Structures are given as structure tokens and as C-alpha cells.
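Source file query30.txt; content: compact mmCIF, C-alpha atoms.
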```txt
# COMPACT_ATOMS: atom_id res chain seq x y z
CA MET B 1 14.07 47.75 -13.52
CA MET B 2 16.24 47.20 -16.61
CA ASP B 3 19.39 48.93 -15.43
CA LYS B 4 19.74 47.19 -12.11
CA LYS B 5 23.06 45.59 -11.34
CA ILE B 6 23.39 41.82 -11.28
CA LYS B 7 23.10 40.73 -7.65
CA ASN B 8 24.71 37.73 -6.02
CA VAL B 9 21.84 35.41 -5.10
CA PHE B 10 24.02 32.81 -3.39
CA ARG B 11 24.46 32.39 0.35
CA GLU B 12 27.04 30.01 1.81
CA GLY B 13 25.27 27.10 3.55
CA ALA B 14 21.70 26.99 4.84
CA ILE B 15 19.37 30.02 4.92
CA SER B 16 18.43 30.62 8.56
CA SER B 17 14.96 31.45 9.89
CA GLU B 18 16.49 34.61 11.45
CA PHE B 19 17.60 35.75 7.98
CA ILE B 20 14.04 35.21 6.71
CA ALA B 21 12.54 37.06 9.71
CA ASN B 22 14.89 39.96 9.15
CA SER B 23 13.87 40.13 5.51
CA ILE B 24 10.16 40.19 6.49
CA ALA B 25 10.74 42.88 9.14
CA LYS B 26 12.49 45.15 6.62
CA HIS B 27 9.24 45.33 4.62
CA GLN B 28 7.21 46.91 7.40
CA VAL B 29 8.20 50.40 6.26
CA LYS B 30 6.71 49.67 2.82
CA THR B 31 3.13 50.45 3.79
CA ASN B 32 1.79 50.17 0.23
CA ILE B 33 2.29 46.38 0.47
CA GLY B 34 -0.78 44.33 1.40
CA ALA B 35 0.37 40.79 0.61
CA HIS B 36 3.62 38.83 0.84
CA ASN B 37 4.15 35.33 -0.51
CA ILE B 38 7.20 33.31 0.46
CA PHE B 39 8.49 30.04 -0.94
CA LEU B 40 11.04 28.02 1.04
CA GLY B 41 12.81 24.98 -0.37
CA GLN B 42 13.86 22.56 2.38
CA VAL B 43 16.29 19.65 1.97
CA ARG B 44 14.40 16.35 2.27
CA ALA B 45 15.90 13.26 3.94
CA ASP B 46 14.85 11.06 0.99
CA GLU B 47 15.59 7.36 1.18
CA LEU B 48 17.32 5.27 -1.50
CA ASP B 49 17.99 1.57 -0.89
CA GLY B 50 17.48 2.09 2.84
CA LYS B 51 19.99 4.95 3.05
CA GLN B 52 18.90 8.47 4.02
CA VAL B 53 19.99 11.76 2.47
CA GLU B 54 21.90 13.67 5.17
CA ALA B 55 22.69 16.81 3.20
CA ILE B 56 22.84 18.33 -0.27
CA GLU B 57 26.01 19.97 -1.50
CA TYR B 58 25.15 22.70 -3.98
CA THR B 59 27.54 23.90 -6.68
CA ALA B 60 26.70 26.24 -9.54
CA HIS B 61 27.92 28.03 -12.62
CA VAL B 62 27.76 31.09 -10.40
CA GLU B 63 28.19 33.83 -12.99
CA MET B 64 25.67 32.34 -15.41
CA ALA B 65 23.29 31.51 -12.53
CA ASN B 66 23.29 35.10 -11.24
CA ILE B 67 22.61 36.41 -14.75
CA THR B 68 19.76 33.92 -15.14
CA PHE B 69 18.30 34.90 -11.74
CA HIS B 70 18.48 38.53 -12.89
CA GLU B 71 16.62 37.71 -16.13
CA ILE B 72 13.94 35.81 -14.19
CA ARG B 73 13.50 38.86 -11.91
CA GLU B 74 13.14 41.23 -14.87
CA GLU B 75 10.60 38.99 -16.59
CA THR B 76 8.59 38.55 -13.39
CA PHE B 77 8.42 42.31 -12.78
CA GLU B 78 7.19 42.76 -16.35
CA LYS B 79 4.52 40.06 -16.05
CA PHE B 80 3.16 40.83 -12.55
CA ASP B 81 2.36 43.94 -10.52
CA LEU B 82 4.90 43.48 -7.73
CA THR B 83 6.34 45.94 -5.24
CA CYS B 84 9.44 43.87 -4.54
CA MET B 85 11.06 40.50 -4.98
CA HIS B 86 14.01 38.79 -3.29
CA ILE B 87 15.70 35.49 -4.16
CA TYR B 88 18.38 33.67 -2.14
CA HIS B 89 19.85 30.25 -2.91
CA SER B 90 22.34 28.23 -0.89
CA ILE B 91 25.73 27.19 -2.18
CA GLY B 92 27.81 24.57 -0.38
CA LEU B 93 26.47 22.13 2.18
CA VAL B 94 22.86 22.21 3.45
CA SER B 95 21.68 19.51 5.89
CA ALA B 96 18.33 17.72 5.69
CA GLY B 97 15.64 19.93 7.28
CA GLU B 98 17.47 23.16 6.44
CA ILE B 99 16.35 25.82 3.95
CA CYS B 100 18.20 26.05 0.59
CA LEU B 101 15.92 28.41 -1.39
CA PHE B 102 14.08 31.54 -0.24
CA VAL B 103 11.88 33.44 -2.69
CA PHE B 104 9.93 36.45 -1.42
CA VAL B 105 7.43 38.48 -3.49
CA SER B 106 5.26 41.39 -2.32
CA SER B 107 2.41 43.34 -3.87
CA PRO B 108 -0.28 45.82 -2.87
CA ARG B 109 -2.91 43.09 -3.38
CA ARG B 110 -2.91 39.31 -3.01
CA LYS B 111 -4.08 38.16 -6.45
CA GLN B 112 -0.70 38.85 -8.07
CA VAL B 113 1.61 37.27 -5.52
CA PHE B 114 0.44 33.66 -5.90
CA LYS B 115 0.96 33.53 -9.66
CA ALA B 116 4.21 35.49 -9.49
CA LEU B 117 5.76 33.25 -6.84
CA GLU B 118 4.90 30.02 -8.65
CA PHE B 119 6.30 31.48 -11.88
CA VAL B 120 9.60 32.45 -10.22
CA VAL B 121 10.08 29.07 -8.52
CA GLU B 122 9.35 27.09 -11.71
CA GLU B 123 11.72 29.29 -13.70
CA ILE B 124 14.49 28.79 -11.13
CA LYS B 125 14.06 25.01 -11.18
CA ALA B 126 14.12 24.91 -14.99
CA LYS B 127 16.68 27.53 -15.99
CA VAL B 128 19.33 28.18 -13.34
CA PRO B 129 22.57 26.14 -13.57
CA ILE B 130 22.71 24.87 -9.99
CA PHE B 131 23.68 21.29 -9.17
CA GLY B 132 22.74 19.37 -6.04
CA LYS B 133 24.70 16.36 -4.82
CA GLU B 134 22.65 14.32 -2.35
CA ILE B 135 24.97 12.91 0.29
CA PHE B 136 23.87 9.80 2.19
CA GLU B 137 24.71 8.87 5.77
CA ASP B 138 27.36 6.39 4.53
CA THR B 139 29.05 9.22 2.53
CA THR B 140 27.97 7.77 -0.84
CA HIS B 141 26.08 10.23 -3.04
CA GLN B 142 23.80 10.70 -6.04
CA TRP B 143 23.16 13.72 -8.24
CA LYS B 144 19.76 15.29 -7.82
CA VAL B 145 17.69 16.04 -10.93
CA ASN B 146 14.70 18.43 -10.90
CA GLN B 147 11.33 17.13 -12.09
CA MET E 1 -7.46 14.93 10.70
CA MET E 2 -11.20 14.77 11.46
CA ASP E 3 -11.02 14.44 15.22
CA LYS E 4 -8.70 17.35 15.89
CA LYS E 5 -9.80 19.87 18.45
CA ILE E 6 -10.84 23.35 17.37
CA LYS E 7 -7.78 25.61 17.77
CA ASN E 8 -7.75 29.29 18.57
CA VAL E 9 -6.38 30.99 15.45
CA PHE E 10 -6.41 34.50 16.91
CA ARG E 11 -3.39 36.37 18.24
CA GLU E 12 -3.73 39.68 20.08
CA GLY E 13 -2.22 42.47 17.97
CA ALA E 14 0.30 42.16 15.11
CA ILE E 15 2.06 38.89 14.21
CA SER E 16 5.79 39.49 14.66
CA SER E 17 8.55 38.36 12.30
CA GLU E 18 10.11 36.49 15.27
CA PHE E 19 6.91 34.46 15.65
CA ILE E 20 7.07 33.59 11.94
CA ALA E 21 10.78 32.66 12.17
CA ASN E 22 10.08 30.45 15.16
CA SER E 23 7.31 28.70 13.25
CA ILE E 24 9.67 28.07 10.29
CA ALA E 25 12.46 26.79 12.58
CA LYS E 26 10.11 24.26 14.22
CA HIS E 27 9.68 22.54 10.84
CA GLN E 28 13.35 21.66 10.44
CA VAL E 29 12.82 18.36 12.27
CA LYS E 30 10.19 17.35 9.68
CA THR E 31 12.67 16.12 7.09
CA ASN E 32 9.99 14.72 4.77
CA ILE E 33 9.06 18.31 3.88
CA GLY E 34 10.57 19.73 0.68
CA ALA E 35 8.53 22.89 0.16
CA HIS E 36 6.95 25.54 2.37
CA ASN E 37 4.66 28.31 1.15
CA ILE E 38 3.80 31.25 3.37
CA PHE E 39 1.22 33.99 2.90
CA LEU E 40 1.44 37.16 4.98
CA GLY E 41 -1.27 39.80 5.00
CA GLN E 42 0.12 43.25 5.85
CA VAL E 43 -1.95 46.31 6.80
CA ARG E 44 -1.76 48.88 4.00
CA ALA E 45 -1.66 52.63 4.66
CA ASP E 46 -4.39 53.26 2.07
CA GLU E 47 -5.47 56.83 1.41
CA LEU E 48 -9.02 58.15 1.39
CA ASP E 49 -9.69 61.86 0.79
CA GLY E 50 -6.07 62.63 1.61
CA LYS E 51 -6.18 60.78 4.94
CA GLN E 52 -3.99 57.72 5.58
CA VAL E 53 -4.97 54.49 7.31
CA GLU E 54 -2.86 54.27 10.49
CA ALA E 55 -4.11 50.92 11.76
CA ILE E 56 -6.85 48.31 11.43
CA GLU E 57 -8.78 47.20 14.49
CA TYR E 58 -9.94 43.61 14.03
CA THR E 59 -12.96 42.15 15.78
CA ALA E 60 -14.55 38.77 15.07
CA HIS E 61 -17.31 36.34 15.91
CA VAL E 62 -14.50 34.38 17.55
CA GLU E 63 -16.27 31.07 18.17
CA MET E 64 -17.77 30.88 14.68
CA ALA E 65 -14.50 32.08 13.14
CA ASN E 66 -12.45 29.35 14.83
CA ILE E 67 -14.95 26.70 13.69
CA THR E 68 -14.79 28.07 10.14
CA PHE E 69 -10.95 28.09 10.19
CA HIS E 70 -11.13 24.47 11.35
CA GLU E 71 -13.46 23.53 8.48
CA ILE E 72 -11.16 25.27 5.98
CA ARG E 73 -8.20 23.28 7.37
CA GLU E 74 -10.08 19.97 7.05
CA GLU E 75 -11.16 20.71 3.51
CA THR E 76 -7.64 21.78 2.50
CA PHE E 77 -6.09 18.60 3.91
CA GLU E 78 -8.64 16.56 1.95
CA LYS E 79 -7.99 18.43 -1.31
CA PHE E 80 -4.17 18.68 -1.21
CA ASP E 81 -1.27 16.46 -0.18
CA LEU E 82 0.06 18.55 2.71
CA THR E 83 2.30 17.62 5.61
CA CYS E 84 1.16 20.49 7.79
CA MET E 85 -0.72 23.77 7.85
CA HIS E 86 -0.84 26.67 10.30
CA ILE E 87 -3.10 29.72 10.33
CA TYR E 88 -2.85 32.77 12.61
CA HIS E 89 -4.98 35.93 12.43
CA SER E 90 -4.70 39.10 14.47
CA ILE E 91 -7.44 40.41 16.70
CA GLY E 92 -7.34 43.94 18.12
CA LEU E 93 -5.17 46.73 16.77
CA VAL E 94 -2.60 46.22 13.97
CA SER E 95 -0.66 49.25 12.65
CA ALA E 96 0.05 49.94 8.96
CA GLY E 97 3.06 47.86 7.88
CA GLU E 98 2.41 45.13 10.44
CA ILE E 99 1.34 41.54 9.71
CA CYS E 100 -2.29 40.56 10.45
CA LEU E 101 -2.53 37.14 8.72
CA PHE E 102 0.01 34.31 8.58
CA VAL E 103 -0.81 31.14 6.63
CA PHE E 104 1.86 28.43 6.39
CA VAL E 105 1.52 25.22 4.33
CA SER E 106 4.16 22.50 3.84
CA SER E 107 4.41 19.47 1.59
CA PRO E 108 6.98 16.93 0.41
CA ARG E 109 6.89 18.52 -3.06
CA ARG E 110 6.28 22.02 -4.34
CA LYS E 111 3.40 21.51 -6.81
CA GLN E 112 0.81 21.13 -4.04
CA VAL E 113 1.75 24.08 -1.85
CA PHE E 114 0.97 26.87 -4.32
CA LYS E 115 -2.59 25.73 -5.00
CA ALA E 116 -3.23 24.84 -1.36
CA LEU E 117 -2.08 28.23 -0.06
CA GLU E 118 -4.16 30.23 -2.53
CA PHE E 119 -7.19 28.08 -1.70
CA VAL E 120 -6.79 28.67 2.05
CA VAL E 121 -6.34 32.44 1.72
CA GLU E 122 -9.36 32.84 -0.58
CA GLU E 123 -11.50 30.73 1.75
CA ILE E 124 -10.46 32.84 4.76
CA LYS E 125 -11.31 36.09 2.97
CA ALA E 126 -14.72 34.78 1.88
CA LYS E 127 -15.94 32.72 4.81
CA VAL E 128 -14.50 33.78 8.16
CA PRO E 129 -16.50 36.34 10.21
CA ILE E 130 -13.71 38.83 10.90
CA PHE E 131 -14.29 42.58 10.68
CA GLY E 132 -11.64 45.22 10.06
CA LYS E 133 -12.10 48.84 11.05
CA GLU E 134 -9.64 51.07 9.19
CA ILE E 135 -8.59 53.90 11.49
CA PHE E 136 -7.25 57.11 9.93
CA GLU E 137 -4.66 59.48 11.37
CA ASP E 138 -7.44 61.92 12.43
CA THR E 139 -9.16 59.07 14.39
CA THR E 140 -12.07 58.84 11.91
CA HIS E 141 -12.65 55.36 10.49
CA GLN E 142 -14.26 53.25 7.79
CA TRP E 143 -15.18 49.57 7.71
CA LYS E 144 -13.06 47.47 5.40
CA VAL E 145 -14.79 45.11 2.93
CA ASN E 146 -12.98 42.24 1.20
CA GLN E 147 -13.05 42.09 -2.58
CA MET V 1 -39.88 34.25 21.69
CA GLU V 2 -37.02 35.99 23.38
CA LEU V 3 -33.85 36.20 21.28
CA GLN V 4 -30.38 37.26 22.27
CA ILE V 5 -29.08 39.15 19.25
CA LYS V 6 -25.33 39.71 18.85
CA TYR V 7 -24.12 42.49 16.59
CA TYR V 8 -20.70 42.58 14.92
CA GLY V 9 -18.51 45.20 13.24
CA MET V 10 -20.37 48.12 11.68
CA LEU V 11 -23.69 46.66 12.88
CA ALA V 12 -22.64 46.95 16.53
CA GLU V 13 -21.67 50.53 15.76
CA ILE V 14 -25.19 51.22 14.46
CA SER V 15 -27.01 49.41 17.29
CA GLN V 16 -24.59 50.93 19.82
CA CYS V 17 -24.43 47.62 21.66
CA ASP V 18 -22.73 44.23 21.22
CA GLU V 19 -25.85 42.30 22.13
CA GLU V 20 -29.40 42.74 23.36
CA LEU V 21 -32.48 40.69 24.29
CA LEU V 22 -35.49 41.23 22.05
CA ASN V 23 -38.96 39.72 21.76
CA PHE V 24 -39.43 38.40 18.25
CA ASP V 25 -42.67 36.90 17.00
CA GLY V 26 -41.69 36.07 13.42
CA THR V 27 -40.42 32.76 11.98
CA THR V 28 -37.61 33.14 9.41
CA GLY V 29 -34.30 34.94 9.10
CA ALA V 30 -36.01 37.36 6.71
CA ASP V 31 -38.68 38.11 9.33
CA LEU V 32 -35.94 38.83 11.86
CA LEU V 33 -34.09 41.19 9.51
CA HIS V 34 -37.34 43.00 8.72
CA PHE V 35 -38.02 43.34 12.46
CA LEU V 36 -34.53 44.69 13.17
CA ILE V 37 -34.65 47.17 10.29
CA GLN V 38 -37.64 48.78 12.00
CA LYS V 39 -35.47 49.29 15.08
CA TYR V 40 -32.30 50.27 13.16
CA PRO V 41 -33.37 51.75 9.80
CA SER V 42 -29.81 51.97 8.43
CA PHE V 43 -29.53 48.15 8.58
CA ALA V 44 -31.63 48.30 5.38
CA THR V 45 -28.64 49.57 3.40
CA LYS V 46 -26.20 46.93 4.70
CA ASP V 47 -25.39 43.48 3.37
CA ILE V 48 -26.25 41.44 6.48
CA LYS V 49 -25.89 37.69 7.13
CA VAL V 50 -27.84 35.94 9.91
CA ALA V 51 -26.14 33.09 11.81
CA GLN V 52 -27.33 30.60 14.43
CA TYR V 53 -25.39 27.69 15.96
CA ASN V 54 -22.25 29.26 14.41
CA GLN V 55 -23.58 28.87 10.87
CA ILE V 56 -24.97 31.35 8.38
CA ILE V 57 -28.57 30.55 7.43
CA ASP V 58 -30.51 31.26 4.27
CA LEU V 59 -32.95 34.05 5.02
CA GLY V 60 -35.88 31.76 4.21
CA ASN V 61 -34.84 29.33 6.95
CA LYS V 62 -36.43 29.17 10.38
CA ILE V 63 -34.92 30.78 13.45
CA THR V 64 -34.61 27.90 15.95
CA SER V 65 -31.85 29.12 18.29
CA SER V 66 -32.39 31.69 21.01
CA GLU V 67 -28.95 33.15 20.19
CA ILE V 68 -28.56 34.87 16.85
CA ALA V 69 -25.52 36.60 15.31
CA LEU V 70 -25.89 39.50 12.88
CA LEU V 71 -22.84 39.70 10.58
CA PRO V 72 -21.81 42.52 8.21
CA PRO V 73 -19.47 41.81 5.22
CA PHE V 74 -16.29 39.97 6.20
CA SER V 75 -12.91 41.64 5.96
CA GLY V 76 -10.34 39.31 7.46
CA GLY V 77 -6.80 38.94 6.13
CA MET Y 1 41.43 26.29 -31.61
CA GLU Y 2 42.24 26.08 -27.94
CA LEU Y 3 39.18 25.94 -25.68
CA GLN Y 4 38.96 26.25 -21.94
CA ILE Y 5 36.25 23.75 -20.97
CA LYS Y 6 34.56 24.06 -17.57
CA TYR Y 7 32.75 21.04 -16.14
CA TYR Y 8 29.96 21.22 -13.58
CA GLY Y 9 28.25 18.82 -11.17
CA MET Y 10 28.36 15.16 -12.19
CA LEU Y 11 30.37 16.05 -15.31
CA ALA Y 12 33.24 17.41 -13.20
CA GLU Y 13 33.07 14.17 -11.25
CA ILE Y 14 33.51 12.17 -14.47
CA SER Y 15 36.26 14.39 -15.92
CA GLN Y 16 37.90 14.58 -12.49
CA CYS Y 17 38.64 18.26 -13.04
CA ASP Y 18 36.74 21.55 -12.91
CA GLU Y 19 38.30 22.81 -16.12
CA GLU Y 20 40.89 21.97 -18.72
CA LEU Y 21 42.42 23.36 -21.92
CA LEU Y 22 41.76 21.29 -25.04
CA ASN Y 23 42.52 21.67 -28.72
CA PHE Y 24 39.27 21.43 -30.66
CA ASP Y 25 39.08 21.52 -34.46
CA GLY Y 26 35.33 21.18 -34.94
CA THR Y 27 32.72 23.91 -35.46
CA THR Y 28 29.44 23.36 -33.59
CA GLY Y 29 28.29 22.46 -30.09
CA ALA Y 30 27.48 18.97 -31.42
CA ASP Y 31 31.04 18.60 -32.72
CA LEU Y 32 32.36 19.57 -29.30
CA LEU Y 33 30.16 17.08 -27.48
CA HIS Y 34 31.19 14.34 -29.91
CA PHE Y 35 34.85 15.24 -29.31
CA LEU Y 36 34.44 15.17 -25.51
CA ILE Y 37 32.56 11.85 -25.53
CA GLN Y 38 35.68 10.30 -27.08
CA LYS Y 39 37.65 11.52 -24.08
CA TYR Y 40 34.93 10.75 -21.47
CA PRO Y 41 32.75 7.91 -22.85
CA SER Y 42 30.17 8.11 -20.04
CA PHE Y 43 29.26 11.66 -21.17
CA ALA Y 44 27.30 9.81 -23.89
CA THR Y 45 24.67 8.72 -21.36
CA LYS Y 46 24.21 12.17 -19.81
CA ASP Y 47 21.85 14.99 -20.75
CA ILE Y 48 24.42 17.74 -21.36
CA LYS Y 49 23.93 21.41 -22.24
CA VAL Y 50 26.70 23.51 -23.79
CA ALA Y 51 26.98 27.18 -22.80
CA GLN Y 52 29.16 30.06 -24.01
CA TYR Y 53 29.01 33.72 -22.95
CA ASN Y 54 26.78 32.55 -20.04
CA GLN Y 55 24.10 31.27 -22.39
CA ILE Y 56 23.07 27.78 -23.42
CA ILE Y 57 23.47 27.23 -27.19
CA ASP Y 58 21.62 24.93 -29.54
CA LEU Y 59 23.96 22.10 -30.41
CA GLY Y 60 23.81 23.10 -34.09
CA ASN Y 61 25.21 26.54 -33.29
CA LYS Y 62 28.83 27.53 -33.74
CA ILE Y 63 31.34 27.61 -30.92
CA THR Y 64 32.71 31.17 -30.99
CA SER Y 65 33.97 31.66 -27.43
CA SER Y 66 37.24 30.23 -26.15
CA GLU Y 67 35.54 29.50 -22.83
CA ILE Y 68 32.84 26.82 -22.81
CA ALA Y 69 30.72 25.48 -19.94
CA LEU Y 70 29.43 21.91 -19.92
CA LEU Y 71 26.26 21.65 -17.81
CA PRO Y 72 24.46 18.52 -16.55
CA PRO Y 73 20.72 18.65 -15.62
CA PHE Y 74 19.84 21.46 -13.20
CA SER Y 75 18.73 20.73 -9.68
CA GLY Y 76 18.47 24.03 -7.85
CA GLY Y 77 15.80 24.79 -5.28
```
Once more with this new file: its structure as C-alpha cells, please.
Amino acid sequence: MMDKKIKNVFREGAISSEFIANSIAKHQVKTNIGAHNIFLGQVRADELDGKQVEAIEYTAHVEMANITFHEIREETFEKFDLTCMHIYHSIGLVSAGEICLFVFVSSPRRKQVFKALEFVVEEIKAKVPIFGKEIFEDTTHQWKVNQ
Amino acid sequence: MMDKKIKNVFREGAISSEFIANSIAKHQVKTNIGAHNIFLGQVRADELDGKQVEAIEYTAHVEMANITFHEIREETFEKFDLTCMHIYHSIGLVSAGEICLFVFVSSPRRKQVFKALEFVVEEIKAKVPIFGKEIFEDTTHQWKVNQ
Amino acid sequence: MELQIKYYGMLAEISQCDEELLNFDGTTGADLLHFLIQKYPSFATKDIKVAQYNQIIDLGNKITSSEIALLPPFSGG
Amino acid sequence: MELQIKYYGMLAEISQCDEELLNFDGTTGADLLHFLIQKYPSFATKDIKVAQYNQIIDLGNKITSSEIALLPPFSGG
């Protein structure tokens, strides 16, 4: 996997359920796969001082982020017995209730996919330079910080 | 959750990617959710003595299976902080490459969903009376056994 | 007593029926298995669970329902 | 030397620009941060990472690239 080109992980705006369905359907020709595990990050309408989050606006150091996503992919393929892996992250505005992160791992057997998916998601949260601005209904905002 | 009616988890034939997309889309109104985790079981075209599995025919002790699915749901809701959970399993014929199991858990935060999903899938494999007959291209068959 | 026995998966393939009525004069799940192995000798090589009232019973437990399910190893998912 | 500094997220909000050219005569990442805090005092309260060549550097390390990224805490996903 070491010579693969750096892919662009970012998608403008929310990730639609049709996009996810299409991605699942494409794997039906890979009949050595027995287990898929999918993580979806959804924008929460958190409350702060009685105001609700309406959307998150994502920005990123795009070049560095794509390189970091690539490194996370390589490391995950080395650590776990996976058939394939796909990562998509939103950039720009994503409304509350919409999907902003889609991670998809597949393997012949189920044991590997759970650990692999959790590893990928934690790595993304910790290492990828993406910045979320939570926008409230009154157009004020606060900067999100991962825990 | 204790008074909920026993649901029918079974779906005739394969679970389509459109059905999965529809299920994801329905959760966009639940804006307290921050993380979804989805497991999909896919029928593998395993080889035995040079013959390939073309499909699995699932049968079940349907009444007992639905009760057991219900008990697994109850126990999972008690153990983990989940907003919702959905389980669908195929009955009848599912071809290689098609989806036969769809488990969907959602929570405000990500930490809970990974553990909850793995728990549910392992419980299903161990406790639910479902029986898979692997049918080869030459119409011979063997009975699948979970590991 | 008269029991309605339901067979699942590979067991139904061996018995060549999904269910049948049988007269059983034993007491426990183990007695029932022993009785059925006489009828279907290849049951002896299978890992079989006995269920009544939609629950698997320990083989030492008493058969109290008139409807019994015979379950081979599970393979859902 | 002349550095092109790129600001991200809340840091771009404070600097009110996405990037700017600055003359910097220090050596390390720590020197650079110290220099920028003089220009933007509220940077002092932020948890800032310095990156060059698309990699985060330890603050004790030398600035060797003419293009530097200033990164606030990550919040992807």
C-alpha cells in the first residue's frame, strides 16, 4: 500500500446517505469480504447558554490533513487485516443532524473490523488538522475542541 | 425500554443498500446523536474443494430468535449509553456479496458506540437460533457454523 | 407423553421433516436426546441444544412443555 | 528571514487574516510563538501547534521552512 497516491478525503458540505449507500453497494463485487464496519459522525445540536448549534463550519489545513489521513490509512493497513478502507470528511458548512465524517472498513472476518475502525476514528480526532466552528441560531459561534 | 413489544428482526432475502441509506437518513432529525456505528455482515464466496459458495439460505426458529434479539437489545441499552439501536437479519436466500445482517447503534458521543456494536454482534452470533446453509455453484451444500 | 418436536437446520435435513409428534416416556432433556438418537443415529455426532418455551434448557432439566425445539449450532450474521 | 505564516481556525479569527509575510529573526518554534504573541497577545492563552513541511514540530526545533502553519486544537469528526 506504500506507493498509493495521496487522496483528497474532503467533500464539500454534508455527506449524504445516498453517497454512503453507493459506497456500500460498490463492495458487493468483493465477495471475499464478510464484515463491514462503518462510523458516521453527525453534527449535534448542542446547547450553550440556551442557544442551539445550527451547523458546524469545517476548515482544514487541507494539504497536511490529506497527508495525515494517508498516514493513518497506511498504519491501519499494517496493523489490521483489512480488505479495504475509505475515509470522507466534510469541509464547509454541515447542518445539525447531517453527516460530517464517514469511515468504512471491510475485512474477510468480523474480529478485525471493530478494532480497526475505532483506531482510525481516534487517530483522525487526534491527528488531523481540521477545525470546526459551531454556529448558533443567533449567528454567534464557538470553536469546537475534540475530547 | 422494558415494555417494548417484540419486533420482527427478519427481512426476506438480502438487505439492500437503499434500505440502509433510508435508515441512516431517518436519524437526521435526532440532533442529539453525534456518532453512529454500523455493522454489516456480507455473504462470502468461500471455497471448499474448489467449489465456491454462491448463496446462503437462512432459516431460523423465528419466534425464539425474535425474543432473543429483544433480550440482546434490552441488555445492550442497560450496558451502554445509546440513543437508538436497530437490528435486521435476512431470512431465505442471500447471494454472495449481499448483506445478511445490519446492526445500527447511535449515541451522543463516540466512545460508547464501538463497544456497544461489538457486544451486539457477538451476542447475535452466539445466542440467536439462525441457521445458514451454504449453497455451492453445483447445488451441493454445507451447514455454516459460527466461530 | 406426546411431544411435538421441531427440527431446525441440519437436523431437519436428517429427520426429513420440520416437525413430528412422538410419544416420549422419559423425563429430562438428556432422556429426550437419547430417545431421538435411537430414531436418528446421526444426531449422535451433532452438537444439539434442546429448547422449550423459547429457551434453551440444560440437558439435566425436565421436559415440561409439549412443544420442543431441537437446535443445531447457530450460524447467524 | 521572511516567513509566510498561515493561520487556521480560531487563530485566523484572531489575526484577521489567513496568512501574512513577517520578518522573523529567531531560530526555534518557541521563538516564533513568542514573536507572534507580541503581535497577537491572545495567542498566549491558546494551545497552538507549529507545523512546517506539513508536519508538527516540537517547539524546541529549528524553523527551516519559509512557510509555517499555526494550528489551534483539532476538532475534526
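For the pair atom CA of Thr31 of chain E and atom CA of Gly41 of chain B, the separation is 11.6 Å.
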query = Counting all atoms listed in the file, what is within 12 Å of Lys26 of chain E, bar same-chain residues fewer than 2 positions away, as a list in words?
reply = Ser16, Ser17, Gly97 and Glu98 of chain B; Phe19, Ile20, Ala21, Asn22, Ser23, Ile24, Gln28, Val29, Lys30, Thr31, Ile33, Cys84 and His86 of chain E
task = Could you please determine the separation between atom CA of Met64 of chain E and atom CA of Asn54 of chain V in Å, to one decimal place?
result = 4.8 Å
task = Between V:Thr64, V:Ile5, V:Leu33, V:Ala69, single out the one closest to Thr45 of chain V, counting all atoms listed in the file.
result = V:Leu33
ask   = In Å, with one decimal, what is the gap from atom CA of His70 of chain B to atom CA of Leu3 of chain Y?
value = 27.4 Å
Please report as JSON lines every residue of chain E lying within 12 Å of chain Y, along with the nearest atom pair and their distance in Å (one decimal), using all atoms listed in the file.
```
{"residue": "E:Gly34", "atom": "CA", "partner": "Y:Gly77", "partner_atom": "CA", "distance": 9.4}
{"residue": "E:Ala35", "atom": "CA", "partner": "Y:Gly77", "partner_atom": "CA", "distance": 9.3}
{"residue": "E:His36", "atom": "CA", "partner": "Y:Gly77", "partner_atom": "CA", "distance": 11.7}
{"residue": "E:Arg109", "atom": "CA", "partner": "Y:Gly77", "partner_atom": "CA", "distance": 11.1}
{"residue": "E:Arg110", "atom": "CA", "partner": "Y:Gly77", "partner_atom": "CA", "distance": 10.0}
```
Residues near Tyr7 of chain Y, cut-off 10 Å, only C-alpha atoms, skip fewer than 4 positions along chain, as a list in words = His61 of chain B; Leu11, Ala12, Glu13, Ile14, Ser15, Gln16, Cys17, Asp18, Glu19, Glu20, Ile68, Ala69, Leu70, Leu71 and Pro72 of chain Y
Emit the selected residues as a compact mmCIF listing (two decimals), in the frame of the given file, including C-alpha atoms.
```txt
# COMPACT_ATOMS: atom_id res chain seq x y z
CA HIS B 61 27.92 28.03 -12.62
CA LEU Y 11 30.37 16.05 -15.31
CA ALA Y 12 33.24 17.41 -13.20
CA GLU Y 13 33.07 14.17 -11.25
CA ILE Y 14 33.51 12.17 -14.47
CA SER Y 15 36.26 14.39 -15.92
CA GLN Y 16 37.90 14.58 -12.49
CA CYS Y 17 38.64 18.26 -13.04
CA ASP Y 18 36.74 21.55 -12.91
CA GLU Y 19 38.30 22.81 -16.12
CA GLU Y 20 40.89 21.97 -18.72
CA ILE Y 68 32.84 26.82 -22.81
CA ALA Y 69 30.72 25.48 -19.94
CA LEU Y 70 29.43 21.91 -19.92
CA LEU Y 71 26.26 21.65 -17.81
CA PRO Y 72 24.46 18.52 -16.55
```
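Among the candidates E:Arg73, E:Trp143, E:Leu48, E:Leu93, the one nearest to Arg11 of chain E when counting all atoms listed in the file is E:Leu93.
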message = I'd like the contact shell of Gly132 of chain E - 6 Å cut-off, only C-alpha atoms, skipping same-chain residues fewer than 3 positions apart - returned as a PyMOL selection string.
response = (chain E and resi 56-58+144) or (chain V and resi 75)
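Of the residues under consideration (E:Lys5, E:Lys127, E:Lys51, E:Arg44), E:Arg44 shows the shortest atom-to-atom contact distance to chain B when counting only C-alpha atoms.
With only C-alpha atoms as the atoms that count, the residue of E:Val9, E:Ala96, E:Ile130, E:Val145 with the shortest distance to chain B is E:Ala96.
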query = Residues at most 10 Å from Ser66 of chain V, counting only C-alpha atoms, excluding those fewer than 6 positions away in the same chain, as a PyMOL selection string?
reply = chain V and resi 1-5+21+52-53
7 Å contact set for Phe74 of chain Y, only C-alpha atoms, chain neighbours under 5 positions out, as a PyMOL selection string = chain B and resi 126+128-131+145-146
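Ranking E:His27, E:His141, E:Lys125, E:Lys7 by their shortest atom-to-atom distance to chain B, with all atoms listed in the file included, puts E:His27 first.
Nearest residue to chain E, choosing from B:Phe136, B:Phe102, B:Phe119, B:Phe114 and counting all atoms listed in the file: B:Phe114.
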